[in-house]
Protein chains: 2
Amino acid sequence: MSDRPRRRIPEATVERLPEYLRILSELDDDLDHISSEQLADLAGVNAAKVRKDLSYLGSYGTRGVGYEVAYLVFQVRRELGLTHDWPVIIVGAGNLGQALANYAGFVDRGFPVAGIVDVDPAKIGSVVGGVRVRHVDELSTLVRSRKVSIGVVATPPGAAQDAADLLVGAGITSILNFAPTVLSVPRDVSVRKVDLAIELQILGFHEQRRSDSSLSIVPDVDSSRTASA
Amino acid sequence: MSDRPRRRIPEATVERLPEYLRILSELDDDLDHISSEQLADLAGVNAAKVRKDLSYLGSYGTRGVGYEVAYLVFQVRRELGLTHDWPVIIVGAGNLGQALANYAGFVDRGFPVAGIVDVDPAKIGSVVGGVRVRHVDELSTLVRSRKVSIGVVATPPGAAQDAADLLVGAGITSILNFAPTVLSVPRDVSVRKVDLAIELQILGFHEQRRSDSSLSIVPDVDSSRTASA
DNA sequence: CCGAGTTCGTGAATGTGTGCACAAGCGCGT
DNA sequence: ACGCGCTTGTGCACACATTCACGAACTCGG
């Protein structure tokens, strides 16, 4: 177990590894090897990309055979740091916060909800996803006692920056932000953002392109809907 | 003004335009011009990037002055196809589906919820976000009568492909998928995916890197604030 | 009307990601 | 033991994205 290449893994690859991992984890137990092409099909990507991605972890495949599923799963998990759980704390117990706390996929994939906090007295004390909602004042204590390093911002936009400041102040170093706001944080804190409206706007852009090019100028909506079987 | 360059807009730019638009829309009314640097600061990106992004829309800035906010908003909206609303239909009225239907940000930004469907008889008839939950059998009718072109998959993973097939069958050409599943759809259908667990795993990867390297290498000086998207 | 200060638009350099194509390695059948 | 078919790992070329750096165009004060 000595030499790990410790190569720098490209960000694009890091973003695909979790998908590979999910697919591999869901495979039938009786399938013990998988080829880059099979995995590529399941992931909806190119086989060469799969091979290149996996090559950053080391040479864990066997030519003529493929990758041993169990071993590959282990290696990907190790590389992603999933050898232990990463507890998360959710700030905001509104619709989204509750949905997140209830989402089994979190704990299943190694991210148990260590706590959920809110400012609204009406919400405090209620239980969502098996966790009791606490007052935001307890955030810092909670983070430290449960060794939480990932925070999830699920507040209204106006409160998002405050939530981020609280999280950072409590020692959090990674934030997943669902509020439509640009968070300003120290440089050593990672932030990822999920903005549902932005996703829709990107789709809307492509929709528009589609209809634009079928007609000539008039920005009509309906008429030519491609009834793809 | 007649000529629209009709240049091809890079995908990376398309993904940033909605963020610029949101920021511009939230600016004080008394600010009538904004420079690329100001906008860049607010968006947490490089000023040159802002200028290049905006240049794909045409030359709408004025040297020495900046961009006229109102005009720029109009141009970005036009480019993104936001001159009219894009109704969406949500498949799955579970925790996430309900949170999405309740999310005001959708309708505010031009994506009214035209319908929400489920298979569970217990959920049908209830009202979320002002919309009545209907049976999934009504999906096709709903899509056609309300001219919906964007579908949102918020089902459990096992039902996601079925949901996608239904949407495609009904004539939907864009899908936003929240289920941790790779959807297979005809080539002319756009799919974007939001996987919450994957986002956390990416953060976890960087967390791990952080703790790994802090053992050997002294991290950077500061704690100055940076805006991160 | 001119010069100083500002800011855009963009060419060019650099950095990052993708995909082809093929040599090298492995297993299996004979 | 050997050759054949399969699959990996990766060099290379190309495509895409980011950032720098600078000329061009504008405002404003005197």
# chains A, B, ... in the order shown; residues from 1 in each chain; ligands from 1
$ residues_around --residues "Leu24 (chain B)" --least-positions-apart "5" --cutoff "9 Å" --atoms "only C-alpha atoms (C1' of nucleotides)" --output "CSV table (one decimal) with C-alpha atoms, in the first residue's frame"
chain,number,residue,atom,x,y,z
B,19,GLU,CA,-26.2,34.4,-12.7
B,34,ILE,CA,-22.3,48.9,-14.3
B,39,LEU,CA,-20.4,42.8,-12.2
B,69,VAL,CA,-28.2,47.9,-16.7
B,70,ALA,CA,-31.7,48.0,-18.0
B,72,LEU,CA,-28.3,44.7,-20.6
B,73,VAL,CA,-31.0,42.9,-18.6
$ calpha_fit_and_write --fixed "chain A" --moving "chain B" --output "PDB file with C-alpha atoms, in the first residue's frame"
ATOM      1  CA  MET B   1      -0.531  -1.688  -5.805  1.00  0.00           C
ATOM      2  CA  SER B   2       1.201   0.431  -3.255  1.00  0.00           C
ATOM      3  CA  ASP B   3       1.795   3.416  -5.458  1.00  0.00           C
ATOM      4  CA  ARG B   4      -1.083   5.757  -5.834  1.00  0.00           C
ATOM      5  CA  PRO B   5      -0.335   8.068  -8.737  1.00  0.00           C
ATOM      6  CA  ARG B   6      -1.636  10.992  -6.704  1.00  0.00           C
ATOM      7  CA  ARG B   7      -2.205  12.712  -9.992  1.00  0.00           C
ATOM      8  CA  ARG B   8      -4.191  15.889  -9.916  1.00  0.00           C
ATOM      9  CA  ILE B   9      -7.730  15.067 -10.979  1.00  0.00           C
ATOM     10  CA  PRO B  10      -9.375  17.636 -13.266  1.00  0.00           C
ATOM     11  CA  GLU B  11     -12.417  19.324 -11.795  1.00  0.00           C
ATOM     12  CA  ALA B  12     -14.605  18.219 -14.698  1.00  0.00           C
ATOM     13  CA  THR B  13     -13.707  14.627 -13.889  1.00  0.00           C
ATOM     14  CA  VAL B  14     -14.405  15.062 -10.190  1.00  0.00           C
ATOM     15  CA  GLU B  15     -17.883  16.240 -11.094  1.00  0.00           C
ATOM     16  CA  ARG B  16     -18.567  13.093 -13.088  1.00  0.00           C
ATOM     17  CA  LEU B  17     -17.110  10.502 -10.738  1.00  0.00           C
ATOM     18  CA  PRO B  18     -20.096  10.559  -8.354  1.00  0.00           C
ATOM     19  CA  GLU B  19     -22.406   9.786 -11.261  1.00  0.00           C
ATOM     20  CA  TYR B  20     -20.284   6.837 -12.345  1.00  0.00           C
ATOM     21  CA  LEU B  21     -20.245   5.660  -8.775  1.00  0.00           C
ATOM     22  CA  ARG B  22     -24.004   5.790  -8.455  1.00  0.00           C
ATOM     23  CA  ILE B  23     -24.469   3.869 -11.687  1.00  0.00           C
ATOM     24  CA  LEU B  24     -21.920   1.243 -10.734  1.00  0.00           C
ATOM     25  CA  SER B  25     -23.498   0.807  -7.315  1.00  0.00           C
ATOM     26  CA  GLU B  26     -26.884   0.172  -8.856  1.00  0.00           C
ATOM     27  CA  LEU B  27     -25.728  -2.505 -11.303  1.00  0.00           C
ATOM     28  CA  ASP B  28     -26.917  -6.067 -11.013  1.00  0.00           C
ATOM     29  CA  ASP B  29     -24.706  -8.102  -8.744  1.00  0.00           C
ATOM     30  CA  ASP B  30     -24.219 -10.772 -11.381  1.00  0.00           C
ATOM     31  CA  LEU B  31     -22.477  -8.337 -13.676  1.00  0.00           C
ATOM     32  CA  ASP B  32     -18.884  -8.409 -12.588  1.00  0.00           C
ATOM     33  CA  HIS B  33     -17.238  -6.464 -15.413  1.00  0.00           C
ATOM     34  CA  ILE B  34     -18.282  -3.408 -17.378  1.00  0.00           C
ATOM     35  CA  SER B  35     -16.774  -1.765 -20.436  1.00  0.00           C
ATOM     36  CA  SER B  36     -16.189   1.935 -20.827  1.00  0.00           C
ATOM     37  CA  GLU B  37     -18.803   1.957 -23.549  1.00  0.00           C
ATOM     38  CA  GLN B  38     -21.490   0.365 -21.389  1.00  0.00           C
ATOM     39  CA  LEU B  39     -20.771   2.746 -18.550  1.00  0.00           C
ATOM     40  CA  ALA B  40     -20.718   5.656 -20.971  1.00  0.00           C
ATOM     41  CA  ASP B  41     -24.154   4.728 -22.291  1.00  0.00           C
ATOM     42  CA  LEU B  42     -25.564   4.543 -18.795  1.00  0.00           C
ATOM     43  CA  ALA B  43     -24.038   7.873 -17.858  1.00  0.00           C
ATOM     44  CA  GLY B  44     -24.997   9.563 -21.111  1.00  0.00           C
ATOM     45  CA  VAL B  45     -21.455  10.490 -22.055  1.00  0.00           C
ATOM     46  CA  ASN B  46     -18.732   9.561 -24.513  1.00  0.00           C
ATOM     47  CA  ALA B  47     -16.778   6.343 -23.940  1.00  0.00           C
ATOM     48  CA  ALA B  48     -13.409   8.029 -24.393  1.00  0.00           C
ATOM     49  CA  LYS B  49     -14.342  10.440 -21.646  1.00  0.00           C
ATOM     50  CA  VAL B  50     -15.125   7.594 -19.291  1.00  0.00           C
ATOM     51  CA  ARG B  51     -11.789   5.974 -19.993  1.00  0.00           C
ATOM     52  CA  LYS B  52      -9.884   9.201 -19.532  1.00  0.00           C
ATOM     53  CA  ASP B  53     -11.740   9.993 -16.339  1.00  0.00           C
ATOM     54  CA  LEU B  54     -11.039   6.573 -14.894  1.00  0.00           C
ATOM     55  CA  SER B  55      -7.436   6.690 -16.015  1.00  0.00           C
ATOM     56  CA  TYR B  56      -6.814   9.533 -13.561  1.00  0.00           C
ATOM     57  CA  LEU B  57      -7.477   7.077 -10.756  1.00  0.00           C
ATOM     58  CA  GLY B  58      -4.910   4.631 -12.095  1.00  0.00           C
ATOM     59  CA  SER B  59      -4.958   1.746 -14.533  1.00  0.00           C
ATOM     60  CA  TYR B  60      -7.759  -0.311 -13.114  1.00  0.00           C
ATOM     61  CA  GLY B  61      -9.186  -1.697 -16.334  1.00  0.00           C
ATOM     62  CA  THR B  62      -8.215  -4.806 -18.281  1.00  0.00           C
ATOM     63  CA  ARG B  63      -7.898  -4.600 -22.035  1.00  0.00           C
ATOM     64  CA  GLY B  64     -10.268  -6.854 -23.865  1.00  0.00           C
ATOM     65  CA  VAL B  65     -12.327  -7.266 -20.691  1.00  0.00           C
ATOM     66  CA  GLY B  66     -13.322  -3.976 -19.133  1.00  0.00           C
ATOM     67  CA  TYR B  67     -13.397  -2.831 -15.525  1.00  0.00           C
ATOM     68  CA  GLU B  68     -14.158  -5.078 -12.595  1.00  0.00           C
ATOM     69  CA  VAL B  69     -17.192  -3.431 -11.065  1.00  0.00           C
ATOM     70  CA  ALA B  70     -16.529  -4.137  -7.407  1.00  0.00           C
ATOM     71  CA  TYR B  71     -12.928  -3.038  -7.599  1.00  0.00           C
ATOM     72  CA  LEU B  72     -13.790   0.069  -9.565  1.00  0.00           C
ATOM     73  CA  VAL B  73     -16.459   1.029  -7.049  1.00  0.00           C
ATOM     74  CA  PHE B  74     -13.894   0.695  -4.325  1.00  0.00           C
ATOM     75  CA  GLN B  75     -11.368   2.846  -6.148  1.00  0.00           C
ATOM     76  CA  VAL B  76     -13.832   5.596  -7.001  1.00  0.00           C
ATOM     77  CA  ARG B  77     -15.103   5.641  -3.444  1.00  0.00           C
ATOM     78  CA  ARG B  78     -11.596   5.911  -2.141  1.00  0.00           C
ATOM     79  CA  GLU B  79     -10.738   8.701  -4.534  1.00  0.00           C
ATOM     80  CA  LEU B  80     -13.840  10.650  -3.565  1.00  0.00           C
ATOM     81  CA  GLY B  81     -13.062  10.248   0.101  1.00  0.00           C
ATOM     82  CA  LEU B  82     -16.117   8.119   0.750  1.00  0.00           C
ATOM     83  CA  THR B  83     -14.284   5.570   2.852  1.00  0.00           C
ATOM     84  CA  HIS B  84     -15.968   7.206   5.790  1.00  0.00           C
ATOM     85  CA  ASP B  85     -19.126   9.253   6.302  1.00  0.00           C
ATOM     86  CA  TRP B  86     -19.165  13.018   6.121  1.00  0.00           C
ATOM     87  CA  PRO B  87     -21.765  14.355   8.522  1.00  0.00           C
ATOM     88  CA  VAL B  88     -23.497  17.548   7.408  1.00  0.00           C
ATOM     89  CA  ILE B  89     -25.315  20.255   9.287  1.00  0.00           C
ATOM     90  CA  ILE B  90     -28.284  22.056   7.779  1.00  0.00           C
ATOM     91  CA  VAL B  91     -28.971  25.700   8.584  1.00  0.00           C
ATOM     92  CA  GLY B  92     -32.597  26.587   8.017  1.00  0.00           C
ATOM     93  CA  ALA B  93     -35.541  24.310   8.761  1.00  0.00           C
ATOM     94  CA  GLY B  94     -37.969  25.796   6.268  1.00  0.00           C
ATOM     95  CA  ASN B  95     -39.469  23.919   3.372  1.00  0.00           C
ATOM     96  CA  LEU B  96     -36.174  23.225   1.717  1.00  0.00           C
ATOM     97  CA  GLY B  97     -34.245  22.439   4.890  1.00  0.00           C
ATOM     98  CA  GLN B  98     -36.903  19.931   5.875  1.00  0.00           C
ATOM     99  CA  ALA B  99     -36.977  18.355   2.442  1.00  0.00           C
ATOM    100  CA  LEU B 100     -33.212  17.979   2.590  1.00  0.00           C
ATOM    101  CA  ALA B 101     -33.264  16.465   6.064  1.00  0.00           C
ATOM    102  CA  ASN B 102     -35.896  14.002   4.923  1.00  0.00           C
ATOM    103  CA  TYR B 103     -34.029  13.080   1.790  1.00  0.00           C
ATOM    104  CA  ALA B 104     -32.832   9.542   2.242  1.00  0.00           C
ATOM    105  CA  GLY B 105     -30.302   9.950  -0.551  1.00  0.00           C
ATOM    106  CA  PHE B 106     -28.072  11.912   1.771  1.00  0.00           C
ATOM    107  CA  VAL B 107     -27.445   9.308   4.405  1.00  0.00           C
ATOM    108  CA  ASP B 108     -27.515   6.509   1.816  1.00  0.00           C
ATOM    109  CA  ARG B 109     -24.600   8.045   0.046  1.00  0.00           C
ATOM    110  CA  GLY B 110     -22.515   8.767   3.084  1.00  0.00           C
ATOM    111  CA  PHE B 111     -23.759  12.152   4.239  1.00  0.00           C
ATOM    112  CA  PRO B 112     -25.772  11.719   7.445  1.00  0.00           C
ATOM    113  CA  VAL B 113     -27.527  14.782   8.793  1.00  0.00           C
ATOM    114  CA  ALA B 114     -25.715  15.518  12.037  1.00  0.00           C
ATOM    115  CA  GLY B 115     -27.987  18.412  12.855  1.00  0.00           C
ATOM    116  CA  ILE B 116     -30.436  20.978  11.644  1.00  0.00           C
ATOM    117  CA  VAL B 117     -30.763  24.432  13.160  1.00  0.00           C
ATOM    118  CA  ASP B 118     -33.072  27.415  12.791  1.00  0.00           C
ATOM    119  CA  VAL B 119     -33.821  30.703  14.512  1.00  0.00           C
ATOM    120  CA  ASP B 120     -37.585  30.314  14.586  1.00  0.00           C
ATOM    121  CA  PRO B 121     -38.711  29.172  18.058  1.00  0.00           C
ATOM    122  CA  ALA B 122     -41.786  27.597  16.476  1.00  0.00           C
ATOM    123  CA  LYS B 123     -39.626  25.162  14.568  1.00  0.00           C
ATOM    124  CA  ILE B 124     -37.174  24.302  17.311  1.00  0.00           C
ATOM    125  CA  GLY B 125     -37.836  20.973  18.932  1.00  0.00           C
ATOM    126  CA  SER B 126     -39.736  19.511  16.014  1.00  0.00           C
ATOM    127  CA  VAL B 127     -38.231  16.464  14.399  1.00  0.00           C
ATOM    128  CA  VAL B 128     -37.479  16.199  10.689  1.00  0.00           C
ATOM    129  CA  GLY B 129     -35.767  13.286   9.051  1.00  0.00           C
ATOM    130  CA  GLY B 130     -35.199  11.775  12.456  1.00  0.00           C
ATOM    131  CA  VAL B 131     -33.265  14.785  13.674  1.00  0.00           C
ATOM    132  CA  ARG B 132     -34.465  17.339  16.192  1.00  0.00           C
ATOM    133  CA  VAL B 133     -34.342  20.966  15.087  1.00  0.00           C
ATOM    134  CA  ARG B 134     -32.123  22.991  17.415  1.00  0.00           C
ATOM    135  CA  HIS B 135     -31.507  26.648  17.957  1.00  0.00           C
ATOM    136  CA  VAL B 136     -28.845  28.199  15.805  1.00  0.00           C
ATOM    137  CA  ASP B 137     -26.865  29.093  18.932  1.00  0.00           C
ATOM    138  CA  GLU B 138     -26.065  25.429  19.313  1.00  0.00           C
ATOM    139  CA  LEU B 139     -24.541  25.264  15.856  1.00  0.00           C
ATOM    140  CA  SER B 140     -20.968  25.708  16.918  1.00  0.00           C
ATOM    141  CA  THR B 141     -21.141  23.116  19.674  1.00  0.00           C
ATOM    142  CA  LEU B 142     -22.855  20.690  17.359  1.00  0.00           C
ATOM    143  CA  VAL B 143     -20.269  21.128  14.635  1.00  0.00           C
ATOM    144  CA  ARG B 144     -17.389  20.564  16.974  1.00  0.00           C
ATOM    145  CA  SER B 145     -18.824  17.651  18.918  1.00  0.00           C
ATOM    146  CA  ARG B 146     -19.906  15.751  15.825  1.00  0.00           C
ATOM    147  CA  LYS B 147     -16.862  16.684  13.777  1.00  0.00           C
ATOM    148  CA  VAL B 148     -18.947  18.143  10.996  1.00  0.00           C
ATOM    149  CA  SER B 149     -17.035  19.694   8.127  1.00  0.00           C
ATOM    150  CA  ILE B 150     -19.825  20.330   5.614  1.00  0.00           C
ATOM    151  CA  GLY B 151     -22.584  22.872   6.082  1.00  0.00           C
ATOM    152  CA  VAL B 152     -25.751  23.333   4.043  1.00  0.00           C
ATOM    153  CA  VAL B 153     -27.309  26.784   3.805  1.00  0.00           C
ATOM    154  CA  ALA B 154     -31.073  26.499   3.326  1.00  0.00           C
ATOM    155  CA  THR B 155     -32.134  29.859   4.730  1.00  0.00           C
ATOM    156  CA  PRO B 156     -33.947  32.749   3.080  1.00  0.00           C
ATOM    157  CA  PRO B 157     -31.557  34.882   1.013  1.00  0.00           C
ATOM    158  CA  GLY B 158     -31.309  37.616   3.638  1.00  0.00           C
ATOM    159  CA  ALA B 159     -29.971  35.234   6.264  1.00  0.00           C
ATOM    160  CA  ALA B 160     -27.617  33.270   4.052  1.00  0.00           C
ATOM    161  CA  GLN B 161     -24.471  35.319   4.637  1.00  0.00           C
ATOM    162  CA  ASP B 162     -25.034  35.234   8.398  1.00  0.00           C
ATOM    163  CA  ALA B 163     -25.489  31.491   8.223  1.00  0.00           C
ATOM    164  CA  ALA B 164     -22.270  31.152   6.250  1.00  0.00           C
ATOM    165  CA  ASP B 165     -20.398  33.310   8.748  1.00  0.00           C
ATOM    166  CA  LEU B 166     -21.660  31.150  11.578  1.00  0.00           C
ATOM    167  CA  LEU B 167     -20.637  27.967   9.807  1.00  0.00           C
ATOM    168  CA  VAL B 168     -17.194  29.297   9.001  1.00  0.00           C
ATOM    169  CA  GLY B 169     -16.822  30.517  12.569  1.00  0.00           C
ATOM    170  CA  ALA B 170     -17.645  27.049  13.807  1.00  0.00           C
ATOM    171  CA  GLY B 171     -14.892  25.552  11.679  1.00  0.00           C
ATOM    172  CA  ILE B 172     -16.822  24.346   8.648  1.00  0.00           C
ATOM    173  CA  THR B 173     -14.671  24.168   5.517  1.00  0.00           C
ATOM    174  CA  SER B 174     -17.239  23.266   2.853  1.00  0.00           C
ATOM    175  CA  ILE B 175     -20.589  24.870   2.191  1.00  0.00           C
ATOM    176  CA  LEU B 176     -23.456  23.897  -0.067  1.00  0.00           C
ATOM    177  CA  ASN B 177     -25.526  27.007  -0.656  1.00  0.00           C
ATOM    178  CA  PHE B 178     -29.160  26.861  -1.746  1.00  0.00           C
ATOM    179  CA  ALA B 179     -29.871  30.530  -1.198  1.00  0.00           C
ATOM    180  CA  PRO B 180     -29.824  32.828  -4.216  1.00  0.00           C
ATOM    181  CA  THR B 181     -26.925  34.833  -2.837  1.00  0.00           C
ATOM    182  CA  VAL B 182     -23.207  35.043  -3.421  1.00  0.00           C
ATOM    183  CA  LEU B 183     -21.538  34.025  -0.197  1.00  0.00           C
ATOM    184  CA  SER B 184     -18.319  35.640   0.831  1.00  0.00           C
ATOM    185  CA  VAL B 185     -16.078  33.267   2.740  1.00  0.00           C
ATOM    186  CA  PRO B 186     -12.367  32.846   3.480  1.00  0.00           C
ATOM    187  CA  ARG B 187     -10.400  31.537   0.551  1.00  0.00           C
ATOM    188  CA  ASP B 188      -9.814  28.141   2.137  1.00  0.00           C
ATOM    189  CA  VAL B 189     -13.514  27.371   2.371  1.00  0.00           C
ATOM    190  CA  SER B 190     -15.123  25.619  -0.605  1.00  0.00           C
ATOM    191  CA  VAL B 191     -18.566  26.746  -1.653  1.00  0.00           C
ATOM    192  CA  ARG B 192     -20.866  25.132  -4.156  1.00  0.00           C
ATOM    193  CA  LYS B 193     -24.113  26.751  -5.101  1.00  0.00           C
ATOM    194  CA  VAL B 194     -27.438  25.342  -6.206  1.00  0.00           C
ATOM    195  CA  ASP B 195     -29.867  27.960  -7.431  1.00  0.00           C
ATOM    196  CA  LEU B 196     -33.113  26.498  -8.644  1.00  0.00           C
ATOM    197  CA  ALA B 197     -34.285  29.651 -10.371  1.00  0.00           C
ATOM    198  CA  ILE B 198     -31.010  29.910 -12.275  1.00  0.00           C
ATOM    199  CA  GLU B 199     -31.424  26.378 -13.572  1.00  0.00           C
ATOM    200  CA  LEU B 200     -34.856  27.296 -14.869  1.00  0.00           C
ATOM    201  CA  GLN B 201     -33.545  30.455 -16.480  1.00  0.00           C
ATOM    202  CA  ILE B 202     -30.905  28.481 -18.337  1.00  0.00           C
ATOM    203  CA  LEU B 203     -33.604  26.144 -19.610  1.00  0.00           C
ATOM    204  CA  GLY B 204     -35.714  29.146 -20.532  1.00  0.00           C
ATOM    205  CA  PHE B 205     -32.868  30.531 -22.587  1.00  0.00           C
ATOM    206  CA  HIS B 206     -32.657  27.370 -24.635  1.00  0.00           C
ATOM    207  CA  GLU B 207     -36.447  27.229 -24.968  1.00  0.00           C
ATOM    208  CA  GLN B 208     -36.419  30.684 -26.405  1.00  0.00           C
ATOM    209  CA  ARG B 209     -33.615  29.827 -28.798  1.00  0.00           C
ATOM    210  CA  ARG B 210     -35.608  26.845 -29.925  1.00  0.00           C
ATOM    211  CA  SER B 211     -38.685  28.855 -30.800  1.00  0.00           C
ATOM    212  CA  ASP B 212     -36.631  31.662 -32.342  1.00  0.00           C
ATOM    213  CA  SER B 213     -34.792  29.437 -34.746  1.00  0.00           C
ATOM    214  CA  SER B 214     -37.677  27.182 -35.682  1.00  0.00           C
ATOM    215  CA  LEU B 215     -39.055  30.107 -37.607  1.00  0.00           C
ATOM    216  CA  SER B 216     -36.153  30.083 -40.024  1.00  0.00           C
ATOM    217  CA  ILE B 217     -34.312  26.818 -39.823  1.00  0.00           C
ATOM    218  CA  VAL B 218     -35.809  23.361 -39.993  1.00  0.00           C
ATOM    219  CA  PRO B 219     -34.805  21.431 -36.898  1.00  0.00           C
ATOM    220  CA  ASP B 220     -33.024  18.133 -37.026  1.00  0.00           C
ATOM    221  CA  VAL B 221     -34.493  14.980 -38.440  1.00  0.00           C
ATOM    222  CA  ASP B 222     -35.177  12.472 -35.853  1.00  0.00           C
ATOM    223  CA  SER B 223     -36.503  11.707 -32.551  1.00  0.00           C
ATOM    224  CA  SER B 224     -33.984   9.188 -31.439  1.00  0.00           C
ATOM    225  CA  ARG B 225     -33.332   8.943 -27.791  1.00  0.00           C
ATOM    226  CA  THR B 226     -30.232  10.148 -26.174  1.00  0.00           C
ATOM    227  CA  ALA B 227     -29.237   9.950 -22.606  1.00  0.00           C
ATOM    228  CA  SER B 228     -28.576  13.346 -21.221  1.00  0.00           C
ATOM    229  CA  ALA B 229     -27.038  13.864 -17.861  1.00  0.00           C
TER     230      ALA B 229
END
$ interface_residues --of "chain C" --to "chain A" --cutoff "10 Å" --atoms "only C-alpha atoms (C1' of nucleotides)" --output "list in words"
DT16, DG17, DT18, DG19, DC20, DA24, DG25, DC26 and DG27 of chain C
$ write_last_selection --atoms "C-alpha atoms (C1' of nucleotides)" --output "PDB file, in the first residue's frame"
ATOM      1  C1'  DT C  16      -8.007  22.328 -19.317  1.00  0.00           C
ATOM      2  C1'  DG C  17     -10.755  18.680 -21.314  1.00  0.00           C
ATOM      3  C1'  DT C  18     -11.955  15.266 -24.969  1.00  0.00           C
ATOM      4  C1'  DG C  19     -11.553  11.521 -28.065  1.00  0.00           C
ATOM      5  C1'  DC C  20      -9.047   8.871 -31.429  1.00  0.00           C
ATOM      6  C1'  DA C  24       1.213  -3.360 -24.806  1.00  0.00           C
ATOM      7  C1'  DG C  25      -0.604  -6.810 -21.786  1.00  0.00           C
ATOM      8  C1'  DC C  26      -3.621 -10.504 -20.546  1.00  0.00           C
ATOM      9  C1'  DG C  27      -6.512 -14.930 -20.976  1.00  0.00           C
TER      10       DG C  27
END
$ select_by_dssp --residues "region 39-203 of chain B" --states "helix (DSSP H, G or I)" --output "ChimeraX atom specification"
/B:39-43,47-55,69-80,95-102,104-108,136-145,157-170,196-203
$ closest_residue --among "D:DA1, D:DC6, D:DC22, D:DC16" --to "DA12 (chain C)" --atoms "only C-alpha atoms (C1' of nucleotides)"
D:DC22
$ closest_atom_pairs --of "chain D" --to "chain A" --cutoff "10 Å" --atoms "only C-alpha atoms (C1' of nucleotides)" --output "tab-separated table"
residue	atom	partner	partner_atom	distance
D:DG5	C1'	A:Gly64	CA	8.5
D:DC6	C1'	A:Gly64	CA	4.6
D:DT7	C1'	A:Gly64	CA	4.0
D:DT8	C1'	A:Arg63	CA	4.5
D:DG9	C1'	A:Ser55	CA	7.1
D:DT10	C1'	A:Lys52	CA	8.1
$ write_last_selection --atoms "N, CA and C atoms (P, O5', C5', C4', C3', O3' and C1' of nucleotides)" --output "JSON list (two decimals), in the first residue's frame"
[["chain", "number", "residue", "atom", "x", "y", "z"],
["D", 5, "DG", "P", -8.69, -13.42, -34.19],
["D", 5, "DG", "O5'", -9.71, -12.99, -33.05],
["D", 5, "DG", "C5'", -10.14, -13.93, -32.07],
["D", 5, "DG", "C4'", -10.41, -13.21, -30.76],
["D", 5, "DG", "C3'", -10.98, -11.79, -30.95],
["D", 5, "DG", "O3'", -11.99, -11.60, -29.97],
["D", 5, "DG", "C1'", -9.03, -11.69, -29.64],
["D", 6, "DC", "P", -12.94, -10.35, -30.04],
["D", 6, "DC", "O5'", -12.73, -9.70, -28.60],
["D", 6, "DC", "C5'", -12.72, -10.54, -27.45],
["D", 6, "DC", "C4'", -12.00, -9.81, -26.34],
["D", 6, "DC", "C3'", -12.48, -8.36, -26.16],
["D", 6, "DC", "O3'", -12.92, -8.23, -24.83],
["D", 6, "DC", "C1'", -10.10, -8.51, -26.18],
["D", 7, "DT", "P", -13.72, -6.92, -24.35],
["D", 7, "DT", "O5'", -12.54, -6.11, -23.66],
["D", 7, "DT", "C5'", -11.92, -6.64, -22.51],
["D", 7, "DT", "C4'", -10.84, -5.68, -22.09],
["D", 7, "DT", "C3'", -11.27, -4.21, -22.08],
["D", 7, "DT", "O3'", -10.90, -3.63, -20.85],
["D", 7, "DT", "C1'", -9.27, -4.48, -23.27],
["D", 8, "DT", "P", -11.22, -2.09, -20.52],
["D", 8, "DT", "O5'", -9.80, -1.65, -19.99],
["D", 8, "DT", "C5'", -9.10, -2.50, -19.09],
["D", 8, "DT", "C4'", -7.62, -2.21, -19.18],
["D", 8, "DT", "C3'", -7.24, -0.79, -18.76],
["D", 8, "DT", "O3'", -6.14, -0.87, -17.87],
["D", 8, "DT", "C1'", -6.42, -1.26, -20.95],
["D", 9, "DG", "P", -5.85, 0.37, -16.89],
["D", 9, "DG", "O5'", -4.80, 1.19, -17.78],
["D", 9, "DG", "C5'", -3.51, 0.64, -17.94],
["D", 9, "DG", "C4'", -2.69, 1.55, -18.84],
["D", 9, "DG", "C3'", -2.68, 3.02, -18.44],
["D", 9, "DG", "O3'", -1.34, 3.47, -18.62],
["D", 9, "DG", "C1'", -3.41, 2.82, -20.67],
["D", 10, "DT", "P", -0.88, 4.88, -18.18],
["D", 10, "DT", "O5'", -0.70, 5.64, -19.58],
["D", 10, "DT", "C5'", 0.18, 5.11, -20.56],
["D", 10, "DT", "C4'", 0.06, 5.95, -21.82],
["D", 10, "DT", "C3'", -0.03, 7.46, -21.59],
["D", 10, "DT", "O3'", 0.70, 8.09, -22.64],
["D", 10, "DT", "C1'", -1.80, 6.81, -22.91]]
$ select_by_dssp --residues "region 15-101 of chain A" --states "strand (DSSP E or B)" --output "JSON, numbers by chain"
{"A": [33, 34, 61, 62, 66, 67, 68, 88, 89, 90, 91]}
$ residues_around --residues "DT30 (chain C)" --least-positions-apart "2" --cutoff "10 Å" --atoms "only C-alpha atoms (C1' of nucleotides)" --output "list in words"
DC28 of chain C; DC2 and DG3 of chain D
$ atom_distance --atom1 "C1' of DT19 (chain D)" --atom2 "C1' of DC8 (chain C)"
15.9 Å
